[in-house]
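Containing mmCIF, C-alpha atoms and all ligand atoms: target05.cif.
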data_run
#
loop_
_atom_site.label_atom_id
_atom_site.label_comp_id
_atom_site.auth_asym_id
_atom_site.auth_seq_id
_atom_site.Cartn_x
_atom_site.Cartn_y
_atom_site.Cartn_z
CA MET A 1 0.00 0.00 0.00
CA GLY A 2 1.40 3.46 -0.91
CA ALA A 3 1.87 6.37 1.47
CA VAL A 4 -1.31 8.19 2.50
CA PRO A 5 -1.37 11.62 0.82
CA LYS A 6 -0.81 14.53 3.19
CA GLY A 7 -4.00 15.83 4.79
CA LEU A 8 -5.92 12.58 4.20
CA ARG A 9 -6.59 9.76 6.63
CA ALA A 10 -9.01 6.85 6.78
CA PRO A 11 -12.12 7.59 8.91
CA SER A 12 -11.96 6.01 12.38
CA GLU A 13 -14.95 3.82 11.52
CA VAL A 14 -13.35 2.34 8.40
CA PHE A 15 -13.78 -1.11 10.03
CA ILE A 16 -17.53 -0.98 9.41
CA HIS A 17 -16.67 -1.11 5.72
CA THR A 18 -13.68 -3.45 5.69
CA GLU A 19 -15.29 -6.16 7.82
CA ILE A 20 -18.53 -6.20 5.81
CA TYR A 21 -16.57 -6.42 2.55
CA ARG A 22 -14.55 -9.28 4.04
CA ALA A 23 -17.67 -11.19 5.11
CA ARG A 24 -19.86 -10.57 2.06
CA PRO A 25 -18.34 -10.92 -1.42
CA GLU A 26 -21.66 -9.89 -3.02
CA VAL A 27 -21.46 -6.43 -1.39
CA ASN A 28 -19.77 -3.71 -3.46
CA ALA A 29 -20.91 -0.67 -1.48
CA VAL A 30 -21.14 0.04 2.25
CA LEU A 31 -22.50 3.39 3.42
CA HIS A 32 -22.48 4.68 6.99
CA MET A 33 -24.21 7.86 8.20
CA HIS A 34 -25.83 9.53 11.20
CA PRO A 35 -29.38 10.56 10.15
CA PRO A 36 -31.04 12.24 13.18
CA THR A 37 -34.64 11.06 12.59
CA VAL A 38 -33.58 7.41 12.33
CA VAL A 39 -31.34 7.73 15.39
CA LEU A 40 -34.32 9.02 17.39
CA PHE A 41 -35.98 5.61 16.93
CA THR A 42 -32.90 3.79 18.21
CA ILE A 43 -32.79 6.11 21.24
CA THR A 44 -36.44 5.69 22.18
CA ASN A 45 -36.56 1.99 21.30
CA LEU A 46 -39.71 2.64 19.25
CA PRO A 47 -40.08 0.38 16.21
CA ILE A 48 -40.07 1.79 12.68
CA LEU A 49 -43.45 0.44 11.63
CA PRO A 50 -44.59 -0.55 8.11
CA LEU A 51 -47.03 2.36 7.82
CA TYR A 52 -47.29 2.71 4.07
CA GLY A 53 -47.42 0.55 0.97
CA ALA A 54 -47.71 1.97 -2.54
CA TYR A 55 -46.30 5.29 -1.31
CA ASP A 56 -42.86 3.65 -1.40
CA PRO A 57 -42.83 -0.18 -1.66
CA GLN A 58 -39.01 -0.33 -1.53
CA SER A 59 -38.67 1.18 1.93
CA LEU A 60 -41.60 -0.96 3.10
CA GLY A 61 -39.62 -3.99 1.95
CA ILE A 62 -36.53 -2.83 3.83
CA VAL A 63 -38.34 -2.50 7.14
CA LEU A 64 -40.13 -5.85 6.66
CA ASN A 65 -37.20 -7.97 5.44
CA ASP A 66 -33.94 -6.14 5.47
CA LEU A 67 -33.41 -4.16 8.67
CA ALA A 68 -31.06 -5.40 11.41
CA ASN A 69 -30.22 -3.88 14.80
CA PHE A 70 -26.91 -3.21 16.52
CA ASP A 71 -27.53 -2.36 20.15
CA ARG A 72 -24.18 -0.73 21.00
CA SER A 73 -23.45 3.01 20.68
CA LEU A 74 -19.69 3.17 20.41
CA LEU A 75 -17.43 4.06 17.49
CA ILE A 76 -16.64 1.01 15.35
CA ASN A 77 -12.94 1.81 15.36
CA THR A 78 -11.25 -1.61 15.70
CA PRO A 79 -11.32 -4.76 13.52
CA GLU A 80 -12.94 -6.65 16.43
CA LEU A 81 -15.82 -4.17 16.65
CA GLY A 82 -16.07 -4.25 12.87
CA ARG A 83 -16.56 -8.03 13.01
CA GLU A 84 -19.11 -7.70 15.81
CA PHE A 85 -21.02 -5.18 13.73
CA SER A 86 -20.73 -7.26 10.56
CA ALA A 87 -22.26 -10.21 12.44
CA ALA A 88 -25.13 -7.97 13.56
CA ILE A 89 -26.05 -6.79 10.04
CA GLY A 90 -25.70 -10.39 8.79
CA ARG A 91 -26.99 -10.76 5.22
CA LYS A 92 -29.32 -7.76 5.44
CA ARG A 93 -28.99 -4.51 3.53
CA ALA A 94 -29.51 -2.09 6.44
CA CYS A 95 -28.73 -1.92 10.14
CA LEU A 96 -29.87 0.53 12.81
CA MET A 97 -27.11 1.43 15.26
CA ARG A 98 -28.33 2.49 18.69
CA GLY A 99 -27.56 6.12 19.53
CA HIS A 100 -25.34 6.29 16.47
CA GLY A 101 -26.72 5.96 12.94
CA ILE A 102 -27.26 3.47 10.15
CA THR A 103 -25.19 1.37 7.78
CA THR A 104 -26.33 0.00 4.44
CA ALA A 105 -24.64 -2.69 2.36
CA ALA A 106 -25.62 -3.52 -1.22
CA ASP A 107 -24.43 -4.47 -4.68
CA SER A 108 -23.83 -0.91 -5.90
CA ILE A 109 -23.33 2.58 -4.45
CA GLU A 110 -26.63 3.61 -5.97
CA GLU A 111 -28.54 0.73 -4.37
CA ALA A 112 -26.90 1.26 -0.95
CA SER A 113 -27.87 4.95 -1.21
CA LEU A 114 -31.48 4.17 -2.10
CA VAL A 115 -31.70 1.75 0.85
CA ALA A 116 -30.45 4.52 3.18
CA LEU A 117 -32.89 7.04 1.71
CA GLY A 118 -35.71 4.51 2.15
CA VAL A 119 -34.93 3.88 5.82
CA ASN A 120 -34.79 7.63 6.40
CA GLU A 121 -38.11 8.19 4.59
CA LEU A 122 -39.92 5.52 6.56
CA ALA A 123 -38.46 6.77 9.85
CA THR A 124 -39.50 10.33 8.98
CA MET A 125 -43.06 9.20 8.20
CA ASN A 126 -43.19 7.19 11.45
CA TYR A 127 -42.01 10.25 13.38
CA GLN A 128 -44.55 12.55 11.77
CA ALA A 129 -47.35 9.99 12.18
CA ARG A 130 -46.63 9.81 15.91
CA LEU A 131 -46.83 13.61 16.14
CA LEU A 132 -50.18 13.59 14.35
CA GLY A 133 -51.85 10.62 16.01
CA THR A 134 -51.60 6.87 16.41
CA PRO A 135 -49.71 5.16 13.57
CA ARG A 136 -51.51 2.20 11.96
CA GLU A 137 -49.54 -0.59 10.32
CA ILE A 138 -50.73 -1.66 6.88
CA SER A 139 -52.54 -4.99 6.68
CA GLU A 140 -50.89 -8.38 6.20
CA ASP A 141 -52.88 -8.86 2.97
CA ASP A 142 -51.48 -5.64 1.52
CA ARG A 143 -47.92 -6.56 2.52
CA ILE A 144 -48.30 -9.82 0.60
CA ALA A 145 -49.85 -8.06 -2.40
CA LEU A 146 -46.93 -5.58 -2.52
CA ALA A 147 -44.22 -8.26 -2.40
CA PRO A 148 -43.52 -8.30 -6.20
CA ALA A 149 -42.97 -4.51 -6.22
CA VAL A 150 -40.66 -4.84 -3.22
CA LYS A 151 -38.43 -7.38 -4.99
CA ARG A 152 -38.01 -5.35 -8.16
CA LEU A 153 -35.36 -2.92 -6.90
CA SER A 154 -32.48 -5.35 -6.56
CA ALA A 155 -33.20 -7.46 -9.67
CA GLY A 156 -30.70 -7.57 -12.55
CA GLY A 157 -27.51 -5.59 -13.24
CA GLN A 158 -23.83 -6.58 -13.33
CA PRO A 159 -22.01 -6.88 -10.00
CA GLY A 160 -21.25 -3.39 -8.70
CA GLU A 161 -23.45 -1.78 -11.35
CA PRO A 162 -26.99 -0.55 -10.60
CA SER A 163 -29.82 -2.61 -12.07
CA GLU A 164 -32.23 -0.85 -14.42
CA SER A 165 -34.75 -0.17 -11.66
CA VAL A 166 -32.04 1.12 -9.29
CA ALA A 167 -30.59 3.36 -12.04
CA THR A 168 -34.03 4.76 -12.81
CA GLU A 169 -34.72 5.68 -9.21
CA TRP A 170 -31.21 7.01 -8.77
CA ARG A 171 -31.70 9.40 -11.73
CA TYR A 172 -34.70 10.83 -9.92
CA TYR A 173 -32.60 11.71 -6.85
CA CYS A 174 -29.80 13.12 -9.03
CA ARG A 175 -32.34 15.43 -10.69
CA LEU A 176 -33.54 16.59 -7.26
CA THR A 177 -30.00 17.72 -6.48
CA GLY A 178 -29.74 19.49 -9.84
CA GLU A 179 -27.27 16.96 -11.22
CA ARG A 180 -28.34 15.58 -14.60
CA ARG A 181 -27.26 12.10 -15.62
CA ASP A 182 -29.06 11.28 -18.86
ZN ZN B 1 -20.61 6.53 12.86
#

Please lay out the structure from this file as structure tokens.
Amino acid sequence: MGAVPKGLRAPSEVFIHTEIYRARPEVNAVLHMHPPTVVLFTITNLPILPLYGAYDPQSLGIVLNDLANFDRSLLINTPELGREFSAAIGRKRACLMRGHGITTAADSIEEASLVALGVNELATMNYQARLLGTPREISEDDRIALAPAVKRLSAGGQPGEPSESVATEWRYYCRLTGERRD
């Protein structure tokens, strides 16, 4: 490995990334962030409930099938803690980290980003629903009916490259930021 350029250093929590990559060859992107609304749910121990369906089937799918929990609040700044965290996320694409943040792991940077945006959206809706009244989970029948739409996001694509459905959704977010990628 070459010398680290002056003024640059690896983040202290680099072990979140290295240990997930080591454990999961199918993962080409690991994102870690500290979104306040999601962290509020880890602090209060309130569940992020499946409150909506067609509004955003992808984030519904994440909360139903793809969301792990890591109950410790410290910095993941050693290989040992990285392995402990990697075991907690397991084969899932997203993990809540108590009093800390979230990590997502997926096939491409775009997919890992969409997973993070989905967790944040569902947490935000849960938060606002609790301010407004009593949140109601969607029915079991509707969860089953939405399953095909939930699966679509990760289908297809070369390893490390976004699938068609991921690329389409990603373009939408790029446009929101003013960046065009036609
Ligand atoms: Zn962190």

(request) Rounded to one decimal place, report the CA of Ala167 (chain A)-CA of Val115 (chain A) distance in Å. (result)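 These two atoms are separated by 13.0 Å.
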
(request) Calculate how many Å separate CA of Ser163 (chain A) from CA of Lys92 (chain A), rounding to one decimal. (result) 18.3 Å

(request) Give me the residues within 6 Å of region 21-36 of chain A as a ChimeraX atom specification, counting all atoms listed in the file and dropping any in the same chain fewer than 5 places off. (result) /A:101-109,160

Protein/DNA/RNA residues near (-37.1, -10.3, 10.1), cut 12 Å, only C-alpha atoms, as a short mmCIF file (atom, residue, chain, number, x, y, z; two decimals) with C-alpha atoms, in the frame of the given file:
data_model
loop_
_atom_site.label_atom_id
_atom_site.label_comp_id
_atom_site.auth_asym_id
_atom_site.auth_seq_id
_atom_site.Cartn_x
_atom_site.Cartn_y
_atom_site.Cartn_z
CA GLY A 61 -39.62 -3.99 1.95
CA ILE A 62 -36.53 -2.83 3.83
CA VAL A 63 -38.34 -2.50 7.14
CA LEU A 64 -40.13 -5.85 6.66
CA ASN A 65 -37.20 -7.97 5.44
CA ASP A 66 -33.94 -6.14 5.47
CA LEU A 67 -33.41 -4.16 8.67
CA ALA A 68 -31.06 -5.40 11.41
CA ASN A 69 -30.22 -3.88 14.80
CA ILE A 89 -26.05 -6.79 10.04
CA GLY A 90 -25.70 -10.39 8.79
CA ARG A 91 -26.99 -10.76 5.22
CA LYS A 92 -29.32 -7.76 5.44
CA ARG A 93 -28.99 -4.51 3.53
CA ALA A 94 -29.51 -2.09 6.44
CA CYS A 95 -28.73 -1.92 10.14
#

(request) For each of A:Ser113, A:Ser59, A:Thr124, A:Asn77, take the minimum atom-to-atom distance to ligand ZN 1 (chain B), counting all atoms listed in the file, then give the residue where this is smallest. (result) A:Asn77

(message) Please report the interatomic distance between CA of Arg136 (chain A) and CA of Ala88 (chain A) in Å with one decimal.
(response)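 If I compute the distance from CA of Arg136 (chain A) to CA of Ala88 (chain A), I get 28.3 Å.
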
(message) Need to verify the contact set: Leu75 (chain A), 9 Å, all atoms listed in the file, exclusion of same-chain residues closer than 4 positions in sequence. Can you return it as a ChimeraX atom specification?
(response) /A:12-13,81,100

Write to file, as a PDB file, in the frame of the given file, the residues of the selection just made, with C-alpha atoms.
ATOM      1  CA  SER A  12     -11.960   6.010  12.380  1.00  0.00           C
ATOM      2  CA  GLU A  13     -14.950   3.820  11.520  1.00  0.00           C
ATOM      3  CA  LEU A  81     -15.820  -4.170  16.650  1.00  0.00           C
ATOM      4  CA  HIS A 100     -25.340   6.290  16.470  1.00  0.00           C
TER       5      HIS A 100
END

(message) For Leu122 (chain A), find every residue with an atom within 10 Å (counting only C-alpha atoms), except residues of its own chain fewer than 3 positions away, and show them as an MDAnalysis selection string.
(response) chainID A and resid 37:38 48:52 56 59:60 62:63 117:119 125:128

Rebuild region 19-35 of chain A to N, CA and C atoms - output it as an mmCIF file, keeping the file's coordinate frame, please.
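Final file, part.cif:
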data_model
loop_
_atom_site.group_PDB
_atom_site.id
_atom_site.type_symbol
_atom_site.label_atom_id
_atom_site.label_comp_id
_atom_site.auth_asym_id
_atom_site.auth_seq_id
_atom_site.Cartn_x
_atom_site.Cartn_y
_atom_site.Cartn_z
ATOM 1 N N GLU A 19 -14.841 -4.855 7.317
ATOM 2 C CA GLU A 19 -15.290 -6.160 7.820
ATOM 3 C C GLU A 19 -16.532 -6.656 7.086
ATOM 4 N N ILE A 20 -17.391 -5.746 6.628
ATOM 5 C CA ILE A 20 -18.530 -6.200 5.810
ATOM 6 C C ILE A 20 -18.043 -6.686 4.450
ATOM 7 N N TYR A 21 -17.112 -5.962 3.846
ATOM 8 C CA TYR A 21 -16.570 -6.420 2.550
ATOM 9 C C TYR A 21 -15.909 -7.797 2.696
ATOM 10 N N ARG A 22 -15.213 -7.998 3.806
ATOM 11 C CA ARG A 22 -14.550 -9.280 4.040
ATOM 12 C C ARG A 22 -15.565 -10.414 4.159
ATOM 13 N N ALA A 23 -16.681 -10.143 4.824
ATOM 14 C CA ALA A 23 -17.670 -11.190 5.110
ATOM 15 C C ALA A 23 -18.624 -11.450 3.953
ATOM 16 N N ARG A 24 -18.795 -10.452 3.070
ATOM 17 C CA ARG A 24 -19.860 -10.570 2.060
ATOM 18 C C ARG A 24 -19.338 -10.208 0.664
ATOM 19 N N PRO A 25 -18.889 -11.196 -0.084
ATOM 20 C CA PRO A 25 -18.340 -10.920 -1.420
ATOM 21 C C PRO A 25 -19.348 -10.265 -2.365
ATOM 22 N N GLU A 26 -20.644 -10.452 -2.115
ATOM 23 C CA GLU A 26 -21.660 -9.890 -3.020
ATOM 24 C C GLU A 26 -21.863 -8.383 -2.784
ATOM 25 N N VAL A 27 -21.282 -7.854 -1.723
ATOM 26 C CA VAL A 27 -21.460 -6.430 -1.390
ATOM 27 C C VAL A 27 -20.347 -5.613 -2.042
ATOM 28 N N ASN A 28 -20.743 -4.601 -2.821
ATOM 29 C CA ASN A 28 -19.770 -3.710 -3.460
ATOM 30 C C ASN A 28 -19.860 -2.280 -2.950
ATOM 31 N N ALA A 29 -20.786 -2.023 -2.021
ATOM 32 C CA ALA A 29 -20.910 -0.670 -1.480
ATOM 33 C C ALA A 29 -21.415 -0.745 -0.041
ATOM 34 N N VAL A 30 -20.713 -0.067 0.848
ATOM 35 C CA VAL A 30 -21.140 0.040 2.250
ATOM 36 C C VAL A 30 -21.200 1.531 2.578
ATOM 37 N N LEU A 31 -22.350 1.984 3.046
ATOM 38 C CA LEU A 31 -22.500 3.390 3.420
ATOM 39 C C LEU A 31 -22.805 3.481 4.913
ATOM 40 N N HIS A 32 -22.211 4.471 5.558
ATOM 41 C CA HIS A 32 -22.480 4.680 6.990
ATOM 42 C C HIS A 32 -22.762 6.153 7.219
ATOM 43 N N MET A 33 -23.831 6.455 7.969
ATOM 44 C CA MET A 33 -24.210 7.860 8.200
ATOM 45 C C MET A 33 -24.957 7.995 9.523
ATOM 46 N N HIS A 34 -25.194 9.236 9.914
ATOM 47 C CA HIS A 34 -25.830 9.530 11.200
ATOM 48 C C HIS A 34 -27.108 10.350 10.970
ATOM 49 N N PRO A 35 -28.162 9.781 10.408
ATOM 50 C CA PRO A 35 -29.380 10.560 10.150
ATOM 51 C C PRO A 35 -30.214 10.744 11.428
#
